[in-house]
file structure_17.txt (compact mmCIF, C-alpha atoms)
# COMPACT_ATOMS: atom_id res chain seq x y z
CA MET E 1 -5.99 -60.00 20.72
CA MET E 2 -3.31 -57.64 22.00
CA LYS E 3 -1.78 -57.25 18.52
CA GLU E 4 -5.19 -56.49 17.06
CA SER E 5 -5.85 -53.94 19.80
CA LEU E 6 -2.50 -52.25 19.25
CA ALA E 7 -3.06 -52.16 15.50
CA LYS E 8 -6.54 -50.69 15.97
CA ASN E 9 -5.28 -48.02 18.37
CA GLY E 10 -2.39 -47.22 16.03
CA LEU E 11 -4.76 -46.73 13.10
CA MET E 12 -7.02 -44.50 15.18
CA LEU E 13 -4.07 -42.36 16.31
CA GLY E 14 -2.78 -42.16 12.75
CA ALA E 15 -6.16 -41.10 11.42
CA PHE E 16 -6.49 -38.51 14.19
CA ALA E 17 -3.06 -37.10 13.34
CA VAL E 18 -3.91 -36.87 9.63
CA VAL E 19 -7.24 -35.14 10.31
CA THR E 20 -5.64 -32.71 12.78
CA THR E 21 -2.81 -31.83 10.37
CA ALA E 22 -5.31 -31.29 7.56
CA LEU E 23 -7.41 -28.97 9.73
CA ILE E 24 -4.35 -26.93 10.75
CA ALA E 25 -3.26 -26.64 7.12
CA LEU E 26 -6.72 -25.56 6.00
CA THR E 27 -6.90 -22.99 8.79
CA PHE E 28 -3.48 -21.59 7.84
CA PHE E 29 -4.20 -21.27 4.14
CA GLY E 30 -7.71 -20.02 4.82
CA THR E 31 -6.52 -17.17 7.05
CA GLN E 32 -3.17 -16.35 5.42
CA ASP E 33 -4.57 -13.67 3.11
CA LYS E 34 -6.59 -12.12 5.92
CA ILE E 35 -3.54 -11.96 8.18
CA GLU E 36 -1.50 -10.29 5.43
CA GLN E 37 -4.34 -7.84 4.81
CA GLN E 38 -4.48 -6.95 8.50
CA LYS E 39 -0.71 -6.42 8.59
CA GLN E 40 -0.98 -4.09 5.59
CA GLN E 41 -3.86 -2.18 7.16
CA LYS E 42 -1.91 -1.81 10.38
CA LEU E 43 0.98 -0.36 8.38
CA LEU E 44 -1.32 2.11 6.63
CA SER E 45 -2.77 3.15 9.98
CA VAL E 46 0.63 4.32 11.26
CA LEU E 47 1.85 6.16 8.15
CA ASN E 48 0.16 9.37 9.25
CA GLU E 49 1.42 8.83 12.80
CA VAL E 50 5.08 8.83 11.79
CA VAL E 51 4.58 11.67 9.27
CA PRO E 52 1.87 14.00 10.64
CA SER E 53 -0.49 15.69 8.19
CA GLU E 54 1.19 19.09 8.47
CA PHE E 55 4.23 17.65 6.70
CA HIS E 56 2.43 16.36 3.59
CA ASP E 57 -0.56 16.93 1.36
CA ASN E 58 -0.34 13.72 -0.70
CA ALA E 59 -1.65 10.22 0.01
CA LEU E 60 1.36 8.45 1.50
CA TYR E 61 0.08 4.96 0.73
CA ALA E 62 -0.08 5.80 -2.99
CA ASN E 63 3.50 7.03 -3.43
CA CYS E 64 6.32 4.63 -2.70
CA THR E 65 9.25 2.73 -4.10
CA GLU E 66 10.61 -0.67 -3.11
CA VAL E 67 14.28 -1.38 -2.45
CA ASP E 68 16.63 -4.17 -1.46
CA ALA E 69 19.02 -2.60 1.03
CA PRO E 70 21.12 -4.34 3.69
CA GLU E 71 20.71 -1.26 5.91
CA LEU E 72 16.96 -1.91 6.10
CA GLY E 73 17.16 -5.67 6.63
CA MET E 74 18.45 -8.49 4.46
CA LYS E 75 15.55 -10.94 4.31
CA LYS E 76 13.10 -9.00 2.15
CA ALA E 77 12.50 -5.89 0.10
CA HIS E 78 11.21 -2.84 1.93
CA LYS E 79 8.93 -0.04 0.82
CA ILE E 80 9.84 3.62 1.14
CA TYR E 81 6.83 5.93 1.24
CA ARG E 82 7.39 9.48 -0.05
CA ALA E 83 5.66 12.54 1.38
CA THR E 84 5.37 15.80 -0.52
CA LEU E 85 4.08 19.24 0.45
CA ASN E 86 3.08 21.72 -2.24
CA GLY E 87 4.78 19.49 -4.78
CA GLN E 88 8.09 19.44 -2.90
CA PRO E 89 9.70 16.47 -1.09
CA SER E 90 9.03 16.81 2.61
CA ALA E 91 9.48 13.43 4.32
CA LEU E 92 10.15 9.74 3.93
CA VAL E 93 8.68 6.72 5.72
CA LEU E 94 11.05 3.78 5.62
CA GLU E 95 10.11 0.21 6.36
CA ALA E 96 12.95 -1.59 8.13
CA THR E 97 13.57 -4.87 9.91
CA ALA E 98 15.68 -5.36 13.01
CA PRO E 99 16.99 -8.92 12.57
CA ASP E 100 18.43 -9.20 16.07
CA GLY E 101 15.46 -8.95 18.38
CA TYR E 102 15.41 -11.38 21.27
CA SER E 103 12.68 -13.51 19.69
CA GLY E 104 13.35 -12.77 16.04
CA ASP E 105 12.70 -10.03 13.50
CA ILE E 106 11.16 -6.72 14.53
CA ASP E 107 9.45 -4.82 11.71
CA ILE E 108 9.37 -1.03 12.11
CA VAL E 109 8.62 2.13 10.14
CA VAL E 110 10.66 5.32 10.49
CA GLY E 111 9.38 8.75 9.48
CA VAL E 112 12.01 11.40 8.79
CA LYS E 113 11.79 15.00 7.59
CA VAL E 114 13.88 15.83 4.53
CA GLU E 115 14.96 19.09 2.94
CA PRO E 116 15.62 19.89 -0.75
CA HIS E 117 19.30 20.58 -1.30
CA ILE E 118 21.18 22.60 -3.90
CA ALA E 119 24.31 20.98 -5.28
CA ASN E 120 26.11 21.79 -8.56
CA GLY E 121 23.21 24.02 -9.57
CA LYS E 122 20.66 21.20 -9.24
CA GLN E 123 18.00 20.83 -6.59
CA GLN E 124 18.48 17.52 -4.81
CA GLY E 125 15.71 15.32 -3.46
CA MET E 126 13.40 16.15 -6.39
CA PRO E 127 12.25 13.77 -9.12
CA ASN E 128 14.23 14.18 -12.31
CA ASP E 129 11.67 15.13 -14.96
CA SER E 130 14.32 15.01 -17.69
CA ARG E 131 14.63 11.22 -17.52
CA SER E 132 13.85 9.42 -20.74
CA SER E 133 10.52 7.66 -21.13
CA GLU E 134 12.45 4.42 -21.39
CA SER E 135 13.84 4.90 -17.87
CA GLU E 136 10.44 5.86 -16.53
CA ASN E 137 8.95 2.61 -17.82
CA LEU E 138 11.55 0.42 -16.12
CA ASN E 139 10.34 -1.87 -13.38
CA THR E 140 12.27 -0.65 -10.34
CA SER E 141 10.58 -2.84 -7.76
CA ALA E 142 13.18 -3.89 -5.17
CA LEU E 143 15.97 -1.95 -6.85
CA PRO E 144 19.38 -1.98 -5.17
CA LEU E 145 20.93 1.41 -4.52
CA THR E 146 23.24 1.29 -7.53
CA ASP E 147 20.33 0.81 -9.97
CA MET E 148 18.28 3.61 -8.43
CA ALA E 149 21.25 5.94 -8.60
CA GLU E 150 21.65 5.19 -12.31
CA LEU E 151 18.03 6.20 -12.89
CA ASP E 152 18.79 9.48 -11.18
CA GLY E 153 21.49 10.14 -13.76
CA SER E 154 24.55 10.02 -11.54
CA SER E 155 26.89 7.57 -9.87
CA PRO E 156 26.19 6.18 -6.37
CA GLU E 157 29.27 7.99 -5.07
CA MET E 158 28.14 11.34 -6.46
CA ASP E 159 24.60 10.92 -5.08
CA THR E 160 25.92 10.14 -1.63
CA ALA E 161 28.27 13.12 -1.65
CA GLU E 162 25.75 15.60 -3.05
CA ILE E 163 22.77 14.85 -0.84
CA LYS E 164 24.56 14.20 2.42
CA THR E 165 23.12 16.55 5.04
CA THR E 166 24.35 17.68 8.41
CA ASN E 167 21.13 16.86 10.24
CA MET E 168 17.83 15.11 9.71
CA ARG E 169 14.86 15.19 12.07
CA VAL E 170 12.96 12.08 13.08
CA LEU E 171 9.20 12.58 12.95
CA GLY E 172 8.19 9.24 14.42
CA VAL E 173 8.91 5.52 14.74
CA ARG E 174 6.44 2.67 15.16
CA VAL E 175 6.72 -1.11 15.51
CA ILE E 176 4.58 -3.01 12.99
CA GLU E 177 5.26 -6.62 13.98
CA HIS E 178 7.36 -8.47 16.55
CA LYS E 179 7.47 -11.61 18.70
CA GLU E 180 9.18 -10.15 21.77
CA THR E 181 8.45 -11.25 25.32
CA PRO E 182 5.21 -9.93 26.85
CA GLY E 183 5.96 -7.80 29.89
CA LEU E 184 9.58 -7.26 28.82
CA GLY E 185 10.40 -6.77 25.15
CA ASP E 186 6.88 -5.82 24.12
CA LYS E 187 7.43 -2.36 25.62
CA ILE E 188 8.50 -1.34 22.13
CA GLU E 189 4.77 -1.29 21.31
CA LEU E 190 3.04 2.07 21.74
CA ALA E 191 0.04 0.25 23.21
CA VAL E 192 2.25 -1.05 26.04
CA SER E 193 4.56 1.91 26.74
CA ASN E 194 5.58 5.25 25.24
CA TRP E 195 9.23 4.21 24.82
CA ILE E 196 8.98 4.24 21.01
CA THR E 197 8.03 7.95 21.09
CA SER E 198 11.48 8.80 22.44
CA PHE E 199 12.68 8.90 18.82
CA SER E 200 10.24 11.66 17.83
CA GLY E 201 11.86 15.03 17.29
CA LYS E 202 15.40 13.67 17.58
CA SER E 203 18.02 15.31 15.38
CA PHE E 204 20.18 12.83 13.49
CA SER E 205 23.67 13.43 12.14
CA SER E 206 25.92 10.82 10.58
CA ASP E 207 28.84 12.75 12.10
CA ASN E 208 27.66 11.91 15.62
CA LEU E 209 26.26 8.40 15.97
CA ALA E 210 27.29 7.91 19.61
CA PRO E 211 23.91 9.00 21.05
CA TRP E 212 22.08 6.47 18.85
CA GLN E 213 22.53 3.58 21.26
CA VAL E 214 20.89 2.43 24.46
CA LYS E 215 22.26 4.00 27.63
CA LYS E 216 23.96 0.74 28.60
CA ASP E 217 26.13 1.16 25.49
CA GLY E 218 26.77 4.87 26.06
CA GLY E 219 23.82 6.27 24.11
CA GLU E 220 20.68 8.28 24.89
CA PHE E 221 17.92 5.66 24.73
CA ASP E 222 16.58 3.80 27.75
CA GLN E 223 16.77 0.04 27.91
CA PHE E 224 14.05 -1.96 29.65
CA THR E 225 14.41 -3.47 33.09
CA GLY E 226 15.45 -7.07 32.46
CA ALA E 227 15.51 -6.60 28.69
CA THR E 228 18.27 -4.84 26.78
CA ILE E 229 18.39 -6.91 23.59
CA THR E 230 15.05 -5.68 22.23
CA PRO E 231 15.54 -1.90 22.59
CA ARG E 232 19.13 -2.25 21.40
CA ALA E 233 17.91 -3.95 18.22
CA VAL E 234 15.28 -1.28 17.56
CA VAL E 235 17.66 1.64 18.12
CA ARG E 236 20.21 0.04 15.79
CA ALA E 237 17.56 -0.52 13.10
CA VAL E 238 16.37 3.10 13.34
CA ARG E 239 19.94 4.37 13.13
CA GLU E 240 20.69 2.29 10.03
CA ALA E 241 17.44 3.41 8.37
CA LEU E 242 18.33 7.05 8.98
CA LEU E 243 21.81 6.57 7.54
CA TYR E 244 20.24 5.00 4.46
CA ALA E 245 17.72 7.83 4.10
CA GLN E 246 20.42 10.44 4.43
CA ALA E 247 22.68 8.84 1.82
CA ASN E 248 19.95 8.05 -0.72
CA GLN E 249 17.38 10.82 -0.42
CA SER E 250 17.63 11.98 -4.05
CA ALA E 251 17.52 8.46 -5.53
CA LEU E 252 14.52 7.50 -3.40
CA PHE E 253 12.46 10.46 -4.56
CA SER E 254 13.56 9.94 -8.18
CA ALA E 255 12.67 6.24 -8.36
CA PRO E 256 9.39 5.36 -10.12
CA ASN E 257 6.26 4.84 -8.05
CA THR E 258 5.61 1.15 -7.31
CA CYS E 259 2.50 1.69 -5.16
CA ALA E 260 -0.71 1.30 -7.11
CA THR E 261 -2.99 4.29 -6.62
CA THR E 262 -6.46 3.35 -5.48
CA ASP E 263 -9.61 5.44 -5.32
CA SER E 264 -10.40 4.29 -1.82
CA VAL E 265 -8.73 2.64 1.11
CA GLU E 266 -10.51 0.27 3.47
CA THR E 267 -11.26 1.78 6.84
CA ILE E 268 -8.85 0.67 9.51
CA ASP E 269 -10.66 1.73 12.66
CA ASP E 270 -12.31 -1.66 13.09
CA VAL E 271 -9.30 -3.80 12.28
CA ASN E 272 -8.49 -6.11 15.16
CA VAL E 273 -4.93 -7.31 14.87
CA ASP E 274 -4.10 -10.14 17.24
CA GLU E 275 -0.83 -9.18 18.90
CA THR E 276 -0.69 -12.01 21.42
CA GLN E 277 2.95 -12.91 21.77
CA PRO E 278 4.65 -16.12 22.98
CA HIS E 279 6.01 -16.06 26.49
CA SER E 280 9.70 -16.57 27.18
CA VAL E 281 12.40 -15.35 29.53
CA GLU E 282 14.49 -12.59 27.95
CA GLU E 283 18.12 -12.34 28.90
CA LEU E 284 19.97 -9.11 29.56
call {"tool": "encode", "arguments": {"input": "structure_17.txt", "output": "structure tokens"}}
result
Amino acid sequence: MMKESLAKNGLMLGAFAVVTTALIALTFFGTQDKIEQQKQQKLLSVLNEVVPSEFHDNALYANCTEVDAPELGMKKAHKIYRATLNGQPSALVLEATAPDGYSGDIDIVVGVKVEPHIANGKQQGMPNDSRSSESENLNTSALPLTDMAELDGSSPEMDTAEIKTTNMRVLGVRVIEHKETPGLGDKIELAVSNWITSFSGKSFSSDNLAPWQVKKDGGEFDQFTGATITPRAVVRAVREALLYAQANQSALFSAPNTCATTDSVETIDDVNVDETQPHSVEEL
């Protein structure tokens, strides 16, 4: 009798486990597309926050290129949105990933003002209209820097030297996704604190990177009480994104557009993105 009872209970537990696993799998696959859509809508909602409307007259979501760049995070390709004003390059919005947050990756966007530059009689930061139709038809999705530079008609070394600027101005930074500790690391969210706005208006120069650290490391940015890892990761990611933007401005504006233009964009006012984060104890 005992063996039969154990066997019966084992079968019931096994069946329960199978049903539960199946329900979890169905829920995941059934909501995966919706979650991705909400993440994309959240990104679109902050584009005009990090590059205010006075700096562009084009639809930011419809003009971008996609790159693989270690400076922006190694695990995936990132989009670079390009702002123009009166037909001239005015700003960039760079997606970036901080891989060293306390609880994992921190996805951010960085808006930076750019200026056209004159070098060797050529205006830098402008699309090269003289490219051949063959180059224009190339698929440049997730291009590494060297390939984008070739499309621009010059070597990576020459691009870097020609478009390097003394200063760039940060227009805004926002966190798109993270898993940092509620009450500690989640202060990188604008909804929780205004810490992320401390980047706005900052002047950036590759000749003086010392200020681009948290104060604990000798820089200008506050760390959080009981949590230094998270702000340190974000500041580092912003700094690397700005270095990348400074070195590759011309190639980024010259690369073909990989964002499909749409006639309409879904409204984002009613999007409810669940940002509930797991609890943990963050070390200093």
call {"tool": "closest_residue", "arguments": {"input": "structure_17.txt", "among": "E:Gln88, E:Thr97, E:Thr20, E:Asn9", "to": "E:Ile176", "atoms": "only C-alpha atoms"}}
result
E:Thr97
call {"tool": "residues_around", "arguments": {"input": "structure_17.txt", "residues": "stretch 84-87 of chain E", "least_positions_apart": "3", "cutoff": "10 Å", "atoms": "all atoms listed in the file", "output": "MDAnalysis selection string"}}
result
chainID E and resid 53:60 63 90:92 114 126 253
call {"tool": "atom_distance", "arguments": {"input": "structure_17.txt", "atom1": "atom CA of E:Thr197", "atom2": "atom CA of E:Val173"}}
result
6.9 Å
call {"tool": "closest_residue", "arguments": {"input": "structure_17.txt", "among": "E:Lys216, E:Lys79, E:His178, E:Lys202", "to": "E:Thr258", "atoms": "all atoms listed in the file"}}
result
E:Lys79
call {"tool": "atom_distance", "arguments": {"input": "structure_17.txt", "atom1": "atom CA of E:Tyr81", "atom2": "atom CA of E:Met168"}}
result
16.6 Å
call {"tool": "atom_distance", "arguments": {"input": "structure_17.txt", "atom1": "atom CA of E:Gly104", "atom2": "atom CA of E:Asn208"}}
result
28.5 Å
call {"tool": "closest_residue", "arguments": {"input": "structure_17.txt", "among": "E:Met74, E:Ser206, E:Trp212, E:Lys187", "to": "E:Asp100", "atoms": "all atoms listed in the file"}}
result
E:Met74
call {"tool": "closest_residue", "arguments": {"input": "structure_17.txt", "among": "E:Asn167, E:Ser193, E:Ser5, E:Thr65", "to": "E:Leu209", "atoms": "all atoms listed in the file"}}
result
E:Asn167
call {"tool": "closest_residue", "arguments": {"input": "structure_17.txt", "among": "E:Arg169, E:Arg174, E:Pro99, E:Trp195", "to": "E:Glu115", "atoms": "only C-alpha atoms"}}
result
E:Arg169
call {"tool": "closest_residue", "arguments": {"input": "structure_17.txt", "among": "E:Leu242, E:Gly218, E:Val192, E:Asp186", "to": "E:Thr230", "atoms": "all atoms listed in the file"}}
result
E:Asp186
call {"tool": "axis_aligned_box", "arguments": {"input": "structure_17.txt", "around": "stretch 16-24 of chain E", "padding_each_side": "4 Å", "output": "AutoDock Vina command-line options"}}
result
--center_x -5.1 --center_y -32.7 --center_z 10.9 --size_x 12.6 --size_y 19.6 --size_z 14.6
